[in-house]
Amino acid sequence: MGVAFRDILTEFRDTVGWEALAGVAAVDAHNALYQFLSIIRQPDGTPLMDQEGRTTSHLSGILFRTANFLEKGIRPVWVFDGTPPDFKQETIEVRRAIRDRAGERWQDALERGDIAEAYKQARSSSRIDENVIGTSQELLSLLGIPCVQAPSEGEAQAAHMVEKGDAGYVVSQDYDTLLFGAPVLVRNLAVSGKRKVRGRTISVYPERILLSDVLKGLALTRSDLVRVALLVGTDFNSGIKGVGAKTALRMVQRGEFEQTMRERLPDTEWEAIMEFFLAPPATDSYSLHWNAPDREGIIRMLCDRFDFSQERIQKALDSMGAKAGQKTLDSWFS
Amino acid sequence: MLKATIDADILKESIDAISALVTECRLHTDENGLSTRAVDTANVAMVSLTLKKEAFSAFESTKGEIGLDIAKLKNIFGMMGKNDLISLELPEDGHKLKVSFEGYRYSITLLDPNTIRKDPNPPNIDLPGKVVLSGNDLYNSIKAAAVVSDKIALGIDAAQQLFFMAAEGDTDHIRREFGKSEVNFLNGIEARSLFSLDYLKDMGRVMGRADEVEVSLGIDHPAKFAFYIAGGQGYVEYLLAPRIEAD
């Protein structure tokens with residue numbers, strides 16, 4: 001998911017310490033939930049579940065990430081996707097097919113006893129359904145964390161909130177956020193500081209990307225950056241086969257964008273997609289208030305309804321210090 | 001091995017200073033006295049305490065480490081009379097501390113020090129702003145702030161040469177300023193940080209009894225509160241992490 005921009009952004013990714021991230025963070029909810037659902041799994045790919053078999057990976061992820069954020073002085077606001085634009089339909093169908101196929105392959109692998117393959121396929125089968133969104137929002141509200149409903153793409157709404165100054169940065173793994181004009185994007189805010197990449201676990205550190213650095217460094221306008229993305233492929237169009245970020249960048253810098261699109265992707269109505277990236281639907285009607293976590297409510301939901309261990313939840317709640325914004329002495333101990 | 005006699009008031013004062021933040025601690029003993037350093041479970045505040053052997057009417061000890069259940073010890077205080085002499089005794093390699101006074105003889109099972117959080121390293125923090133004022137003034141301001149809010153700003157206004165504390169509630173606001181004439185010492189280096197009153201109320205109760213408290217501050221930095229107890233034979237330092245200033 002997201003645009004494959006890694007190759008051209010490497011030099012603009014600055015590793016930052018957690019202490020530099022204190023403040024309001026606009027979290028791309030679907031991106032975070034997808035991460036939780038795909039990563040928080042047992043070795044054979046089975047997600048965390050309660051006794052009735054309902055998936056609870058996302059609830060675990062939300063609780064511990066929120067505890068970690070609050071402890072670090074980060075006040076998150078979760079931004080949820082609204083109605084996707086029409087031209088995303090194709091991508092959505094392709095993804096659904098991939099997920100369904102992965103689900104079947106997961107079962108096959110389990111029957112064969114191929115645990116590694118089962119895990120891999122299980123991750124790809126992760127889906128965010130209404131139930132996941134509903135329980136996520138319920139838990140966030142108990143945690144005292146505000147949620148914002150985007151009119152369309154969540155990333156676009158998050159970018160808008162940073163542009164307005166209501167949030168300091170967008171939290172997402174996807175570079176698309178930059179296409180939507182987010183001035184600051186922060187990646188890798190996992191609790192563990194670890195991430196699974198192609199089956200391997202690597203240490204990751206929070207990294208910050210400033211849109212202004214990217215545009216200046218690559219000598220592009222934001223429209224140019226979107227042009228590069230359109231050539232590579234976005235959530236709304238499949239790009240040109242064999243054209244990666246570096247090639248696309250060169251094409252745009254040489255002014256060959258329109259010609260290339262005409263020749264190689266004649267059926268793509270890129271003007272509409274471009275317009276969507278540059279002026280996406282976003283709303284100003286939201287209010288950002290953080291409340292103290294409702295400890296009893298959280299325990300009722302997670303322990304009584306979803307079979308979480310009371311001890312683990314209690315510990316996470318304690319680490320929140322029950323108070324958002326309280327720093328710990330950790331930053332001052334060497 | 002530890003064998004000591006101490007005035008009940010001094011023992012209470014010392015234990016109160018620790019119990020403001022933690023319910024258990026590792027107490028280090030040697031021939032010169034006792035010391036401990038502990039951080040609360042949320043990692044927000046730290047207490048360091050030293051009690052010199054001169055604080056005791058009799059003191060004899062080898063180098064050792066004791067796991068102390070502070071909460072349990074506090075419960076016993078109820079039985080102690082003011083100015084009682086308390087005798088503390090722990091044999092070499094013993095696991096039970098004998099506490100006796102006025103005919104009562106308690107035997108208190110100690111905690112395994114390995115089950116208690118390791119002592120934190122002394123943090124290295126530069127807190128340039130300093131003010132020395134009476135513990136009573138400090139505690140009163142904390143209590144006043146707690147009426148309107150759950151957090152308090154402590155700071156030094158360099159231009160006005162003032163130490164100030166301010167609390168902002170949803171509807172009400174309180175500010176108390178101390179000029180140079182009202183405090184014992186003030187170096188007017190600009191400082192301001194926000195702190196949780198949940199912590200300060202507990203620490204304030206202890207500090208309120210000190211003649212003088214030295215407060216060290218920075219900008220969005222922890223605050224350090226240092227004061228003597230036990231008639232100058234004991235020394236306490238609190239370190240409290242700041243809260244993030246809300247916009």
# chains A, B, ... in the order shown; residues from 1 in each chain; ligands from 1
$ interface_residues --of "chain B" --to "chain A" --cutoff "9 Å" --atoms "only C-alpha atoms" --output "ChimeraX atom specification"
/B:39,41-46,120-125,195-196,221-222,239-246
$ write_last_selection --atoms "N, CA, C and O atoms" --output "mmCIF file, in the first residue's frame"
data_model
loop_
_atom_site.group_PDB
_atom_site.id
_atom_site.type_symbol
_atom_site.label_atom_id
_atom_site.label_comp_id
_atom_site.auth_asym_id
_atom_site.auth_seq_id
_atom_site.Cartn_x
_atom_site.Cartn_y
_atom_site.Cartn_z
ATOM 1 N N VAL B 39 12.702 5.223 42.639
ATOM 2 C CA VAL B 39 11.847 5.899 41.665
ATOM 3 C C VAL B 39 10.451 5.298 41.761
ATOM 4 O O VAL B 39 10.307 4.097 41.977
ATOM 5 N N THR B 41 6.643 3.944 40.616
ATOM 6 C CA THR B 41 6.358 2.948 39.573
ATOM 7 C C THR B 41 6.151 3.577 38.198
ATOM 8 O O THR B 41 6.409 2.953 37.194
ATOM 9 N N ALA B 42 5.699 4.799 38.145
ATOM 10 C CA ALA B 42 5.449 5.433 36.848
ATOM 11 C C ALA B 42 6.686 6.143 36.313
ATOM 12 O O ALA B 42 6.637 6.763 35.258
ATOM 13 N N ASN B 43 7.815 6.055 37.046
ATOM 14 C CA ASN B 43 9.056 6.694 36.603
ATOM 15 C C ASN B 43 8.956 8.217 36.533
ATOM 16 O O ASN B 43 9.598 8.836 35.695
ATOM 17 N N VAL B 44 8.128 8.792 37.352
ATOM 18 C CA VAL B 44 7.920 10.232 37.277
ATOM 19 C C VAL B 44 8.732 10.970 38.349
ATOM 20 O O VAL B 44 9.199 12.081 38.141
ATOM 21 N N ALA B 45 8.914 10.347 39.495
ATOM 22 C CA ALA B 45 9.591 11.047 40.585
ATOM 23 C C ALA B 45 10.589 10.125 41.268
ATOM 24 O O ALA B 45 10.429 8.904 41.290
ATOM 25 N N MET B 46 11.633 10.749 41.822
ATOM 26 C CA MET B 46 12.669 9.984 42.496
ATOM 27 C C MET B 46 12.930 10.590 43.872
ATOM 28 O O MET B 46 12.850 11.795 44.054
ATOM 29 N N PRO B 120 18.090 3.687 40.620
ATOM 30 C CA PRO B 120 18.423 4.429 39.406
ATOM 31 C C PRO B 120 19.794 5.100 39.557
ATOM 32 O O PRO B 120 20.233 5.357 40.681
ATOM 33 N N ASN B 121 20.428 5.347 38.445
ATOM 34 C CA ASN B 121 21.670 6.119 38.498
ATOM 35 C C ASN B 121 21.336 7.551 38.852
ATOM 36 O O ASN B 121 20.263 8.023 38.508
ATOM 37 N N PRO B 122 22.253 8.221 39.526
ATOM 38 C CA PRO B 122 21.963 9.644 39.768
ATOM 39 C C PRO B 122 21.914 10.365 38.442
ATOM 40 O O PRO B 122 22.846 10.256 37.651
ATOM 41 N N PRO B 123 20.793 11.011 38.130
ATOM 42 C CA PRO B 123 20.704 11.676 36.834
ATOM 43 C C PRO B 123 21.583 12.916 36.784
ATOM 44 O O PRO B 123 21.878 13.517 37.810
ATOM 45 N N ASN B 124 21.952 13.239 35.591
ATOM 46 C CA ASN B 124 22.829 14.378 35.397
ATOM 47 C C ASN B 124 22.010 15.483 34.739
ATOM 48 O O ASN B 124 21.795 15.475 33.542
ATOM 49 N N ILE B 125 21.510 16.392 35.549
ATOM 50 C CA ILE B 125 20.621 17.410 35.010
ATOM 51 C C ILE B 125 21.129 18.787 35.403
ATOM 52 O O ILE B 125 21.519 19.004 36.544
ATOM 53 N N PHE B 195 4.106 20.927 36.635
ATOM 54 C CA PHE B 195 4.200 19.680 37.401
ATOM 55 C C PHE B 195 2.830 19.192 37.857
ATOM 56 O O PHE B 195 1.916 19.989 38.052
ATOM 57 N N SER B 196 2.767 17.869 38.038
ATOM 58 C CA SER B 196 1.533 17.258 38.513
ATOM 59 C C SER B 196 1.385 17.486 40.015
ATOM 60 O O SER B 196 2.287 17.209 40.790
ATOM 61 N N HIS B 221 11.934 21.237 32.409
ATOM 62 C CA HIS B 221 12.852 20.262 32.982
ATOM 63 C C HIS B 221 12.282 19.760 34.309
ATOM 64 O O HIS B 221 11.372 20.365 34.865
ATOM 65 N N PRO B 222 12.860 18.696 34.844
ATOM 66 C CA PRO B 222 12.421 18.271 36.171
ATOM 67 C C PRO B 222 12.729 19.352 37.212
ATOM 68 O O PRO B 222 13.514 20.260 36.957
ATOM 69 N N LEU B 239 13.207 14.463 42.998
ATOM 70 C CA LEU B 239 13.309 14.904 41.618
ATOM 71 C C LEU B 239 11.968 14.574 40.969
ATOM 72 O O LEU B 239 11.483 13.455 41.110
ATOM 73 N N LEU B 240 11.366 15.536 40.310
ATOM 74 C CA LEU B 240 10.039 15.329 39.731
ATOM 75 C C LEU B 240 10.051 15.710 38.253
ATOM 76 O O LEU B 240 10.446 16.834 37.906
ATOM 77 N N ALA B 241 9.632 14.761 37.404
ATOM 78 C CA ALA B 241 9.593 15.036 35.957
ATOM 79 C C ALA B 241 8.449 16.004 35.651
ATOM 80 O O ALA B 241 7.420 15.980 36.318
ATOM 81 N N PRO B 242 8.642 16.851 34.652
ATOM 82 C CA PRO B 242 7.602 17.840 34.333
ATOM 83 C C PRO B 242 6.460 17.234 33.530
ATOM 84 O O PRO B 242 6.584 16.126 33.022
ATOM 85 N N ARG B 243 5.376 17.967 33.446
ATOM 86 C CA ARG B 243 4.326 17.639 32.487
ATOM 87 C C ARG B 243 4.538 18.508 31.272
ATOM 88 O O ARG B 243 5.220 19.515 31.332
ATOM 89 N N ILE B 244 3.935 18.070 30.169
ATOM 90 C CA ILE B 244 4.032 18.878 28.957
ATOM 91 C C ILE B 244 3.036 20.022 29.093
ATOM 92 O O ILE B 244 1.897 19.809 29.475
ATOM 93 N N GLU B 245 3.477 21.207 28.763
ATOM 94 C CA GLU B 245 2.572 22.350 28.783
ATOM 95 C C GLU B 245 1.504 22.163 27.724
ATOM 96 O O GLU B 245 1.812 21.900 26.563
ATOM 97 N N ALA B 246 0.255 22.267 28.116
ATOM 98 C CA ALA B 246 -0.811 22.201 27.119
ATOM 99 C C ALA B 246 -0.807 23.497 26.320
ATOM 100 O O ALA B 246 -0.379 24.523 26.804
#
$ select_by_dssp --residues "region 49-268 of chain A" --states "strand (DSSP E)" --output "ChimeraX atom specification"
/A:74-80,147-149,169-171,184-187,194-197,200-203,207-210,233-234,237-238
$ residues_around --residues "Arg222 (chain A)" --least-positions-apart "5" --cutoff "8 Å" --atoms "only C-alpha atoms" --output "list of chain:residue names"
A:Leu179, A:Gly181, A:Leu215, A:Leu278
$ write_last_selection --atoms "all heavy atoms" --output "PDB file, in the first residue's frame"
ATOM      1  N   LEU A 179       2.068  13.243  -0.477  1.00  0.00           N
ATOM      2  CA  LEU A 179       1.375  13.660  -1.698  1.00  0.00           C
ATOM      3  C   LEU A 179       0.160  14.519  -1.358  1.00  0.00           C
ATOM      4  O   LEU A 179      -0.207  15.432  -2.073  1.00  0.00           O
ATOM      5  CB  LEU A 179       0.920  12.442  -2.504  1.00  0.00           C
ATOM      6  CG  LEU A 179       2.022  11.451  -2.899  1.00  0.00           C
ATOM      7  CD1 LEU A 179       1.412  10.267  -3.638  1.00  0.00           C
ATOM      8  CD2 LEU A 179       3.061  12.140  -3.766  1.00  0.00           C
ATOM      9  N   GLY A 181       0.099  16.513   0.930  1.00  0.00           N
ATOM     10  CA  GLY A 181       0.582  17.807   1.406  1.00  0.00           C
ATOM     11  C   GLY A 181       0.922  17.876   2.881  1.00  0.00           C
ATOM     12  O   GLY A 181       1.067  18.974   3.432  1.00  0.00           O
ATOM     13  N   LEU A 215      10.879  18.405  -1.369  1.00  0.00           N
ATOM     14  CA  LEU A 215      10.641  19.191  -2.584  1.00  0.00           C
ATOM     15  C   LEU A 215      11.881  19.986  -2.961  1.00  0.00           C
ATOM     16  O   LEU A 215      12.257  20.058  -4.137  1.00  0.00           O
ATOM     17  CB  LEU A 215       9.432  20.118  -2.381  1.00  0.00           C
ATOM     18  CG  LEU A 215       8.093  19.406  -2.125  1.00  0.00           C
ATOM     19  CD1 LEU A 215       6.974  20.425  -1.957  1.00  0.00           C
ATOM     20  CD2 LEU A 215       7.759  18.412  -3.234  1.00  0.00           C
ATOM     21  N   LEU A 278      -3.953  16.930  -4.743  1.00  0.00           N
ATOM     22  CA  LEU A 278      -3.586  18.319  -4.450  1.00  0.00           C
ATOM     23  C   LEU A 278      -4.646  19.038  -3.622  1.00  0.00           C
ATOM     24  O   LEU A 278      -4.323  19.913  -2.827  1.00  0.00           O
ATOM     25  CB  LEU A 278      -3.327  19.073  -5.758  1.00  0.00           C
ATOM     26  CG  LEU A 278      -2.108  18.563  -6.538  1.00  0.00           C
ATOM     27  CD1 LEU A 278      -1.943  19.348  -7.835  1.00  0.00           C
ATOM     28  CD2 LEU A 278      -0.828  18.634  -5.705  1.00  0.00           C
TER      29      LEU A 278
END
$ residues_around --residues "region 301-309 of chain A" --least-positions-apart "6" --cutoff "9 Å" --atoms "only C-alpha atoms" --output "mmCIF file with C-alpha atoms, in the first residue's frame"
data_model
loop_
_atom_site.group_PDB
_atom_site.id
_atom_site.type_symbol
_atom_site.label_atom_id
_atom_site.label_comp_id
_atom_site.auth_asym_id
_atom_site.auth_seq_id
_atom_site.Cartn_x
_atom_site.Cartn_y
_atom_site.Cartn_z
ATOM 1 C CA MET A 49 -8.475 -13.711 19.695
ATOM 2 C CA ASP A 50 -10.915 -13.872 22.570
ATOM 3 C CA GLN A 51 -12.691 -17.075 23.564
ATOM 4 C CA GLU A 52 -15.359 -16.556 20.950
ATOM 5 C CA ARG A 54 -13.112 -12.532 17.699
ATOM 6 C CA THR A 56 -8.367 -8.596 19.248
ATOM 7 C CA LEU A 59 -7.144 -3.610 20.567
ATOM 8 C CA SER A 60 -3.847 -4.782 22.000
ATOM 9 C CA GLU A 138 -14.782 2.436 21.422
ATOM 10 C CA LEU A 139 -11.401 1.723 23.024
#
$ residues_around --residues "Asp84 (chain B)" --least-positions-apart "2" --cutoff "7 Å" --atoms "only C-alpha atoms" --output "ChimeraX atom specification"
/B:7-8,80-82,86,101
$ residues_around --residues "region 128-137 of chain A" --least-positions-apart "3" --cutoff "7 Å" --atoms "only C-alpha atoms" --output "JSON, numbers by chain"
{"A": [34, 59, 140, 141]}
$ write_last_selection --atoms "N, CA, C and O atoms" --output "PDB file, in the first residue's frame"
ATOM      1  N   TYR A  34      -4.030  -1.601  10.258  1.00  0.00           N
ATOM      2  CA  TYR A  34      -3.545  -2.642   9.364  1.00  0.00           C
ATOM      3  C   TYR A  34      -2.232  -3.212   9.901  1.00  0.00           C
ATOM      4  O   TYR A  34      -2.013  -4.424   9.902  1.00  0.00           O
ATOM      5  N   LEU A  59      -6.896  -4.238  19.259  1.00  0.00           N
ATOM      6  CA  LEU A  59      -7.144  -3.610  20.567  1.00  0.00           C
ATOM      7  C   LEU A  59      -5.865  -3.604  21.395  1.00  0.00           C
ATOM      8  O   LEU A  59      -5.534  -2.614  22.058  1.00  0.00           O
ATOM      9  N   LEU A 140     -10.567   3.724  21.919  1.00  0.00           N
ATOM     10  CA  LEU A 140      -9.918   5.040  21.902  1.00  0.00           C
ATOM     11  C   LEU A 140     -10.705   6.028  22.746  1.00  0.00           C
ATOM     12  O   LEU A 140     -10.136   6.832  23.484  1.00  0.00           O
ATOM     13  N   SER A 141     -12.020   5.938  22.643  1.00  0.00           N
ATOM     14  CA  SER A 141     -12.834   6.878  23.409  1.00  0.00           C
ATOM     15  C   SER A 141     -12.669   6.620  24.912  1.00  0.00           C
ATOM     16  O   SER A 141     -12.591   7.558  25.707  1.00  0.00           O
TER      17      SER A 141
END
$ select_by_dssp --residues "region 207-257 of chain A" --states "alpha helix (DSSP H)" --output "PyMOL selection string"
chain A and resi 211-218+222-232+245-253+257
$ residues_around --residues "Gly165 (chain A)" --least-positions-apart "2" --cutoff "12 Å" --atoms "only C-alpha atoms" --output "NGL selection string"
(:A and (23-26 or 158-163 or 167-170 or 182-184 or 284)) or (:B and (247))
$ write_last_selection --atoms "all heavy atoms" --output "CSV table (one decimal), in the first residue's frame"
chain,number,residue,atom,x,y,z
A,23,GLY,N,3.9,16.3,21.7
A,23,GLY,CA,3.0,17.2,21.0
A,23,GLY,C,1.8,16.4,20.4
A,23,GLY,O,1.6,15.2,20.7
A,24,VAL,N,1.1,17.1,19.5
A,24,VAL,CA,-0.1,16.4,18.9
A,24,VAL,C,0.3,15.7,17.6
A,24,VAL,O,0.9,16.3,16.8
A,24,VAL,CB,-1.2,17.5,18.6
A,24,VAL,CG1,-2.4,16.8,18.0
A,24,VAL,CG2,-1.6,18.2,19.9
A,25,ALA,N,-0.1,14.4,17.6
A,25,ALA,CA,0.2,13.6,16.4
A,25,ALA,C,-1.1,13.2,15.7
A,25,ALA,O,-2.0,12.6,16.4
A,25,ALA,CB,1.0,12.4,16.8
A,26,ALA,N,-1.2,13.4,14.4
A,26,ALA,CA,-2.4,12.9,13.7
A,26,ALA,C,-2.1,11.5,13.2
A,26,ALA,O,-1.3,11.3,12.3
A,26,ALA,CB,-2.8,13.8,12.6
A,158,ALA,N,-5.6,13.9,7.8
A,158,ALA,CA,-4.5,14.1,8.8
A,158,ALA,C,-3.5,15.2,8.3
A,158,ALA,O,-3.0,16.0,9.0
A,158,ALA,CB,-3.7,12.8,9.0
A,159,ALA,N,-3.2,15.1,7.0
A,159,ALA,CA,-2.3,16.1,6.4
A,159,ALA,C,-2.9,17.5,6.6
A,159,ALA,O,-2.2,18.5,6.9
A,159,ALA,CB,-2.1,15.8,4.9
A,160,HIS,N,-4.2,17.6,6.3
A,160,HIS,CA,-4.9,18.9,6.5
A,160,HIS,C,-4.7,19.5,7.9
A,160,HIS,O,-4.5,20.7,8.1
A,160,HIS,CB,-6.4,18.7,6.1
A,160,HIS,CG,-7.2,19.9,6.3
A,160,HIS,ND1,-7.1,21.0,5.5
A,160,HIS,CD2,-8.2,20.2,7.3
A,160,HIS,CE1,-8.0,21.9,6.0
A,160,HIS,NE2,-8.7,21.4,7.0
A,161,MET,N,-4.9,18.6,8.9
A,161,MET,CA,-4.8,19.0,10.3
A,161,MET,C,-3.4,19.5,10.7
A,161,MET,O,-3.2,20.4,11.5
A,161,MET,CB,-5.2,17.9,11.2
A,161,MET,CG,-6.7,17.6,11.1
A,161,MET,SD,-7.3,16.0,11.7
A,161,MET,CE,-7.0,16.3,13.5
A,162,VAL,N,-2.4,18.9,10.0
A,162,VAL,CA,-1.0,19.4,10.3
A,162,VAL,C,-0.8,20.7,9.6
A,162,VAL,O,-0.2,21.6,10.1
A,162,VAL,CB,0.0,18.3,9.8
A,162,VAL,CG1,1.4,18.9,10.0
A,162,VAL,CG2,-0.1,17.0,10.6
A,163,GLU,N,-1.3,20.8,8.4
A,163,GLU,CA,-1.2,22.1,7.6
A,163,GLU,C,-1.8,23.2,8.4
A,163,GLU,O,-1.3,24.3,8.5
A,163,GLU,CB,-1.9,22.0,6.3
A,163,GLU,CG,-0.9,21.5,5.2
A,163,GLU,CD,-1.6,21.6,3.8
A,163,GLU,OE1,-2.7,21.1,3.7
A,163,GLU,OE2,-1.0,22.2,2.9
A,167,ALA,N,-2.1,19.8,14.5
A,167,ALA,CA,-1.3,18.6,14.9
A,167,ALA,C,0.1,18.9,14.4
A,167,ALA,O,0.3,19.7,13.4
A,167,ALA,CB,-1.8,17.3,14.2
A,168,GLY,N,1.1,18.3,15.0
A,168,GLY,CA,2.5,18.6,14.6
A,168,GLY,C,3.0,17.8,13.4
A,168,GLY,O,3.9,18.2,12.7
A,169,TYR,N,2.4,16.6,13.3
A,169,TYR,CA,2.9,15.7,12.2
A,169,TYR,C,1.9,14.6,12.0
A,169,TYR,O,1.0,14.3,12.9
A,169,TYR,CB,4.3,15.1,12.5
A,169,TYR,CG,4.3,14.5,13.9
A,169,TYR,CD1,4.1,13.1,14.1
A,169,TYR,CD2,4.7,15.2,15.0
A,169,TYR,CE1,4.2,12.5,15.3
A,169,TYR,CE2,4.7,14.6,16.3
A,169,TYR,CZ,4.5,13.3,16.4
A,169,TYR,OH,4.6,12.7,17.7
A,170,VAL,N,2.0,13.9,10.9
A,170,VAL,CA,1.1,12.7,10.6
A,170,VAL,C,1.9,11.5,10.9
A,170,VAL,O,3.1,11.4,10.6
A,170,VAL,CB,0.7,12.7,9.1
A,170,VAL,CG1,-0.1,11.4,8.8
A,170,VAL,CG2,0.0,13.9,8.7
A,182,ALA,N,1.1,16.7,3.5
A,182,ALA,CA,1.5,16.8,5.0
A,182,ALA,C,2.9,17.4,5.1
A,182,ALA,O,3.8,16.9,4.5
A,182,ALA,CB,1.5,15.4,5.6
A,183,PRO,N,3.0,18.5,5.8
A,183,PRO,CA,4.3,19.1,6.0
A,183,PRO,C,5.3,18.2,6.7
A,183,PRO,O,6.5,18.3,6.4
A,183,PRO,CB,4.0,20.4,6.8
A,183,PRO,CG,2.5,20.6,6.7
A,183,PRO,CD,1.9,19.3,6.5
A,184,VAL,N,4.8,17.4,7.6
A,184,VAL,CA,5.7,16.6,8.4
A,184,VAL,C,5.1,15.2,8.5
A,184,VAL,O,3.9,15.0,8.9
A,184,VAL,CB,6.0,17.1,9.8
A,184,VAL,CG1,7.1,16.3,10.5
A,184,VAL,CG2,6.2,18.6,9.8
A,284,ASP,N,-13.1,20.8,8.5
A,284,ASP,CA,-12.6,21.5,9.7
A,284,ASP,C,-13.5,21.3,10.9
A,284,ASP,O,-13.2,21.9,12.0
A,284,ASP,CB,-12.6,23.0,9.4
A,284,ASP,CG,-11.5,23.4,8.5
A,284,ASP,OD1,-10.5,22.6,8.5
A,284,ASP,OD2,-11.6,24.4,7.8
B,247,ASP,N,-1.3,23.4,25.1
B,247,ASP,CA,-1.3,24.6,24.2
B,247,ASP,C,-2.3,25.6,24.7
B,247,ASP,O,-3.4,25.2,25.1
B,247,ASP,CB,-1.6,24.3,22.8
B,247,ASP,CG,-0.7,23.2,22.3
B,247,ASP,OD1,0.5,23.2,22.7
B,247,ASP,OD2,-1.1,22.3,21.5
$ closest_residue --among "A:Leu110, A:Ile39, A:Ile8, A:Ala245" --to "Thr201 (chain A)" --atoms "only C-alpha atoms"
A:Ile39
